[in-house]
Amino acid sequence: MKLLLTALTLFVVGVAHADHPMVEMQTNQGRIVIELYPDKAPKTVENFLHYVKNGFYEGTVFHRVVKDFMVQGGAFDKAMVWRKGEDPIQCEAKNGLTNEVGTIAMARSRDPDSATSQFFFNLESNKHLNHHRDHPDYYGHAVFGKIVKGLDVVQKIASIQTSAGGPFASDVPVEPIVIEKVALLPEEIESPPTKVKSKGKSNGKNKNQPRRILAGT
């Protein structure tokens, strides 16, 4: 019975993974895995995955690091040269997700619908970045995912010394924090659980282990 319950659990997790894509971000400080929520922020997730798939983020840096606040990246290379993104997207800050520790959200200007490629990781519960009302100053920043592995990496990045750099007067890491590679992880699909025989002798081999199948993206 225990084996059957384990197999059922794995099967459910596989289905949930299909609903929430995972992105792996390899930096020169370590690996970060992000779970995305297209059910809550479909346009934002689609936009982010577009940049992921075309390699836009590779070679960019986290250009703004503010301890106990957030870590921002997605637009500048190691020489602090700006990479122009594509057309801005509609802000989905009213999706019910909030800027809690470890979440990823879109950076933008005062205009709510101005986000392109830049994103940030929340280091604290930044309630002032949530949607409060339909006004440019209170519209909020759209959360569209959460770190599931590598929060310690982001916290390490947050402790790195910063100074002026490029067009910014402060908050730029002295040593570049580089995003080396970003990729959508393969969707995991578990095979249906097999029945566990209640009778019969065991030869010591377990024939009821669920077989993992990796499907392409």
# chains A, B, ... in the order shown; residues from 1 in each chain; ligands from 1
call {"tool": "residues_around", "arguments": {"residues": "range 28-45 of chain A", "least_positions_apart": "4", "cutoff": "7 Å", "atoms": "only C-alpha atoms", "output": "PyMOL selection string"}}
result
chain A and resi 20-24+49+92+95+144-150+153+177-180
call {"tool": "residues_around", "arguments": {"residues": "Asn126 in chain A", "least_positions_apart": "2", "cutoff": "12 Å", "atoms": "only C-alpha atoms", "output": "PyMOL selection string"}}
result
chain A and resi 68-70+97-105+120-124+128-131+140-141+143
call {"tool": "select_by_dssp", "arguments": {"residues": "range 6-199 of chain A", "states": "strand (DSSP E)", "output": "ChimeraX atom specification"}}
result
/A:22-27,30-36,64-66,70-73,103-106,119-122,143-149,162-165,168-173,179-184,187-190
call {"tool": "closest_residue", "arguments": {"among": "A:Thr60, A:Leu184, A:Ser109, A:Val65", "to": "Val81 in chain A", "atoms": "only C-alpha atoms"}}
result
A:Thr60
call {"tool": "residues_around", "arguments": {"residues": "Met80 in chain A", "least_positions_apart": "6", "cutoff": "8 Å", "atoms": "only C-alpha atoms", "output": "list in words"}}
result
His63, Gly165, Gly166 and Pro167 of chain A
call {"tool": "write_last_selection", "arguments": {"atoms": "N, CA, C and O atoms", "output": "PDB file, in the first residue's frame"}}
result
ATOM      1  N   HIS A  63      22.192  43.541 -12.701  1.00  0.00           N
ATOM      2  CA  HIS A  63      22.794  44.872 -12.684  1.00  0.00           C
ATOM      3  C   HIS A  63      22.365  45.731 -11.502  1.00  0.00           C
ATOM      4  O   HIS A  63      22.940  46.796 -11.268  1.00  0.00           O
ATOM      5  N   GLY A 165      28.094  51.943 -11.573  1.00  0.00           N
ATOM      6  CA  GLY A 165      28.498  51.184 -12.748  1.00  0.00           C
ATOM      7  C   GLY A 165      27.591  51.482 -13.918  1.00  0.00           C
ATOM      8  O   GLY A 165      26.378  51.637 -13.741  1.00  0.00           O
ATOM      9  N   GLY A 166      28.172  51.571 -15.118  1.00  0.00           N
ATOM     10  CA  GLY A 166      27.360  51.867 -16.290  1.00  0.00           C
ATOM     11  C   GLY A 166      26.586  53.154 -16.095  1.00  0.00           C
ATOM     12  O   GLY A 166      27.131  54.157 -15.623  1.00  0.00           O
ATOM     13  N   PRO A 167      25.281  53.142 -16.411  1.00  0.00           N
ATOM     14  CA  PRO A 167      24.477  54.349 -16.260  1.00  0.00           C
ATOM     15  C   PRO A 167      23.936  54.557 -14.846  1.00  0.00           C
ATOM     16  O   PRO A 167      23.193  55.515 -14.601  1.00  0.00           O
TER      17      PRO A 167
END
call {"tool": "atom_distance", "arguments": {"atom1": "CA of Val172 in chain A", "atom2": "CA of Met25 in chain A"}}
result
19.8 Å
call {"tool": "select_by_dssp", "arguments": {"residues": "range 75-178 of chain A", "states": "alpha helix (DSSP H)", "output": "list in words"}}
result
Leu151, Asp152, Val153, Val154, Gln155, Lys156, Ile157 and Ala158 of chain A
call {"tool": "atom_distance", "arguments": {"atom1": "CA of Gln155 in chain A", "atom2": "CA of Val71 in chain A"}}
result
8.9 Å
call {"tool": "residues_around", "arguments": {"residues": "Lys84 in chain A", "least_positions_apart": "4", "cutoff": "9 Å", "atoms": "only C-alpha atoms", "output": "ChimeraX atom specification"}}
result
/A:75-76,116-117
call {"tool": "write_last_selection", "arguments": {"atoms": "C-alpha atoms", "output": "PDB file, in the first residue's frame"}}
result
ATOM      1  CA  ALA A  75      18.834  43.754 -19.792  1.00  0.00           C
ATOM      2  CA  PHE A  76      22.547  44.618 -19.414  1.00  0.00           C
ATOM      3  CA  THR A 116       9.860  44.097 -21.484  1.00  0.00           C
ATOM      4  CA  SER A 117      12.736  41.781 -20.489  1.00  0.00           C
TER       5      SER A 117
END
call {"tool": "decode", "arguments": {"residues": "range 34-128 of chain A", "atoms": "C-alpha atoms", "output": "PDB file, in the first residue's frame"}}
result
ATOM      1  CA  ILE A  34      12.145  28.875 -11.112  1.00  0.00           C
ATOM      2  CA  GLU A  35       8.590  27.532 -11.237  1.00  0.00           C
ATOM      3  CA  LEU A  36       6.313  29.622 -13.474  1.00  0.00           C
ATOM      4  CA  TYR A  37       2.565  30.226 -13.102  1.00  0.00           C
ATOM      5  CA  PRO A  38       0.939  30.617 -16.535  1.00  0.00           C
ATOM      6  CA  ASP A  39      -2.476  30.051 -14.958  1.00  0.00           C
ATOM      7  CA  LYS A  40      -2.029  33.307 -13.012  1.00  0.00           C
ATOM      8  CA  ALA A  41       0.125  35.371 -15.378  1.00  0.00           C
ATOM      9  CA  PRO A  42      -0.214  33.926 -18.905  1.00  0.00           C
ATOM     10  CA  LYS A  43       1.072  36.929 -20.842  1.00  0.00           C
ATOM     11  CA  THR A  44       3.994  37.494 -18.492  1.00  0.00           C
ATOM     12  CA  VAL A  45       5.061  33.836 -18.535  1.00  0.00           C
ATOM     13  CA  GLU A  46       4.785  33.711 -22.325  1.00  0.00           C
ATOM     14  CA  ASN A  47       6.931  36.850 -22.565  1.00  0.00           C
ATOM     15  CA  PHE A  48       9.575  35.511 -20.157  1.00  0.00           C
ATOM     16  CA  LEU A  49       9.775  32.144 -21.932  1.00  0.00           C
ATOM     17  CA  HIS A  50      10.178  33.927 -25.260  1.00  0.00           C
ATOM     18  CA  TYR A  51      13.350  35.607 -23.968  1.00  0.00           C
ATOM     19  CA  VAL A  52      14.502  32.324 -22.411  1.00  0.00           C
ATOM     20  CA  LYS A  53      14.087  30.334 -25.631  1.00  0.00           C
ATOM     21  CA  ASN A  54      15.798  32.852 -27.913  1.00  0.00           C
ATOM     22  CA  GLY A  55      18.843  33.123 -25.614  1.00  0.00           C
ATOM     23  CA  PHE A  56      18.319  36.803 -24.799  1.00  0.00           C
ATOM     24  CA  TYR A  57      19.271  36.435 -21.132  1.00  0.00           C
ATOM     25  CA  GLU A  58      22.509  34.526 -21.679  1.00  0.00           C
ATOM     26  CA  GLY A  59      25.475  36.785 -21.020  1.00  0.00           C
ATOM     27  CA  THR A  60      23.404  39.397 -19.176  1.00  0.00           C
ATOM     28  CA  VAL A  61      24.047  40.335 -15.552  1.00  0.00           C
ATOM     29  CA  PHE A  62      22.184  41.152 -12.386  1.00  0.00           C
ATOM     30  CA  HIS A  63      22.794  44.872 -12.684  1.00  0.00           C
ATOM     31  CA  ARG A  64      20.892  46.049  -9.609  1.00  0.00           C
ATOM     32  CA  VAL A  65      21.332  44.408  -6.214  1.00  0.00           C
ATOM     33  CA  VAL A  66      19.766  45.902  -3.090  1.00  0.00           C
ATOM     34  CA  LYS A  67      20.233  43.900   0.113  1.00  0.00           C
ATOM     35  CA  ASP A  68      16.989  43.064   1.967  1.00  0.00           C
ATOM     36  CA  PHE A  69      14.991  44.208  -1.063  1.00  0.00           C
ATOM     37  CA  MET A  70      15.590  42.604  -4.457  1.00  0.00           C
ATOM     38  CA  VAL A  71      18.003  41.409  -7.165  1.00  0.00           C
ATOM     39  CA  GLN A  72      17.272  42.670 -10.700  1.00  0.00           C
ATOM     40  CA  GLY A  73      18.534  41.582 -14.116  1.00  0.00           C
ATOM     41  CA  GLY A  74      17.616  40.821 -17.686  1.00  0.00           C
ATOM     42  CA  ALA A  75      18.834  43.754 -19.792  1.00  0.00           C
ATOM     43  CA  PHE A  76      22.547  44.618 -19.414  1.00  0.00           C
ATOM     44  CA  ASP A  77      25.629  42.642 -20.446  1.00  0.00           C
ATOM     45  CA  LYS A  78      28.953  42.401 -18.582  1.00  0.00           C
ATOM     46  CA  ALA A  79      30.106  45.711 -20.095  1.00  0.00           C
ATOM     47  CA  MET A  80      26.857  47.298 -18.816  1.00  0.00           C
ATOM     48  CA  VAL A  81      25.630  47.762 -22.373  1.00  0.00           C
ATOM     49  CA  TRP A  82      21.842  47.698 -22.569  1.00  0.00           C
ATOM     50  CA  ARG A  83      20.117  45.028 -24.642  1.00  0.00           C
ATOM     51  CA  LYS A  84      16.909  46.320 -26.147  1.00  0.00           C
ATOM     52  CA  GLY A  85      13.942  44.094 -25.474  1.00  0.00           C
ATOM     53  CA  GLU A  86      10.832  43.645 -27.571  1.00  0.00           C
ATOM     54  CA  ASP A  87       7.459  45.364 -27.243  1.00  0.00           C
ATOM     55  CA  PRO A  88       6.227  45.926 -23.670  1.00  0.00           C
ATOM     56  CA  ILE A  89       3.493  43.725 -22.235  1.00  0.00           C
ATOM     57  CA  GLN A  90       0.312  44.302 -20.274  1.00  0.00           C
ATOM     58  CA  CYS A  91       0.857  44.316 -16.507  1.00  0.00           C
ATOM     59  CA  GLU A  92      -0.715  41.335 -14.730  1.00  0.00           C
ATOM     60  CA  ALA A  93      -0.133  42.562 -11.183  1.00  0.00           C
ATOM     61  CA  LYS A  94      -3.831  41.998 -10.352  1.00  0.00           C
ATOM     62  CA  ASN A  95      -3.453  38.212 -10.592  1.00  0.00           C
ATOM     63  CA  GLY A  96      -3.558  37.542  -6.847  1.00  0.00           C
ATOM     64  CA  LEU A  97       0.141  36.676  -6.525  1.00  0.00           C
ATOM     65  CA  THR A  98       2.148  38.832  -4.139  1.00  0.00           C
ATOM     66  CA  ASN A  99       5.787  39.909  -3.936  1.00  0.00           C
ATOM     67  CA  GLU A 100       6.884  37.456  -1.259  1.00  0.00           C
ATOM     68  CA  VAL A 101      10.389  36.161  -0.535  1.00  0.00           C
ATOM     69  CA  GLY A 102      11.727  34.130  -3.464  1.00  0.00           C
ATOM     70  CA  THR A 103       9.149  35.225  -6.030  1.00  0.00           C
ATOM     71  CA  ILE A 104      10.065  36.546  -9.465  1.00  0.00           C
ATOM     72  CA  ALA A 105       8.314  39.628 -10.855  1.00  0.00           C
ATOM     73  CA  MET A 106       8.606  42.006 -13.796  1.00  0.00           C
ATOM     74  CA  ALA A 107      10.533  45.266 -13.538  1.00  0.00           C
ATOM     75  CA  ARG A 108       9.001  48.277 -15.274  1.00  0.00           C
ATOM     76  CA  SER A 109       8.895  52.060 -15.386  1.00  0.00           C
ATOM     77  CA  ARG A 110       6.078  54.155 -13.882  1.00  0.00           C
ATOM     78  CA  ASP A 111       3.777  53.052 -16.690  1.00  0.00           C
ATOM     79  CA  PRO A 112       2.272  49.705 -15.542  1.00  0.00           C
ATOM     80  CA  ASP A 113       2.316  48.357 -19.121  1.00  0.00           C
ATOM     81  CA  SER A 114       6.009  49.047 -19.784  1.00  0.00           C
ATOM     82  CA  ALA A 115       7.733  45.767 -18.799  1.00  0.00           C
ATOM     83  CA  THR A 116       9.860  44.097 -21.484  1.00  0.00           C
ATOM     84  CA  SER A 117      12.736  41.781 -20.489  1.00  0.00           C
ATOM     85  CA  GLN A 118      13.809  42.895 -17.009  1.00  0.00           C
ATOM     86  CA  PHE A 119      12.792  40.872 -13.951  1.00  0.00           C
ATOM     87  CA  PHE A 120      13.692  40.753 -10.273  1.00  0.00           C
ATOM     88  CA  PHE A 121      13.750  38.302  -7.369  1.00  0.00           C
ATOM     89  CA  ASN A 122      12.190  39.470  -4.111  1.00  0.00           C
ATOM     90  CA  LEU A 123      14.477  39.110  -1.082  1.00  0.00           C
ATOM     91  CA  GLU A 124      11.793  40.194   1.385  1.00  0.00           C
ATOM     92  CA  SER A 125       8.022  40.423   1.553  1.00  0.00           C
ATOM     93  CA  ASN A 126       7.750  43.627  -0.483  1.00  0.00           C
ATOM     94  CA  LYS A 127       4.112  44.501   0.082  1.00  0.00           C
ATOM     95  CA  HIS A 128       4.513  47.956  -1.458  1.00  0.00           C
TER      96      HIS A 128
END
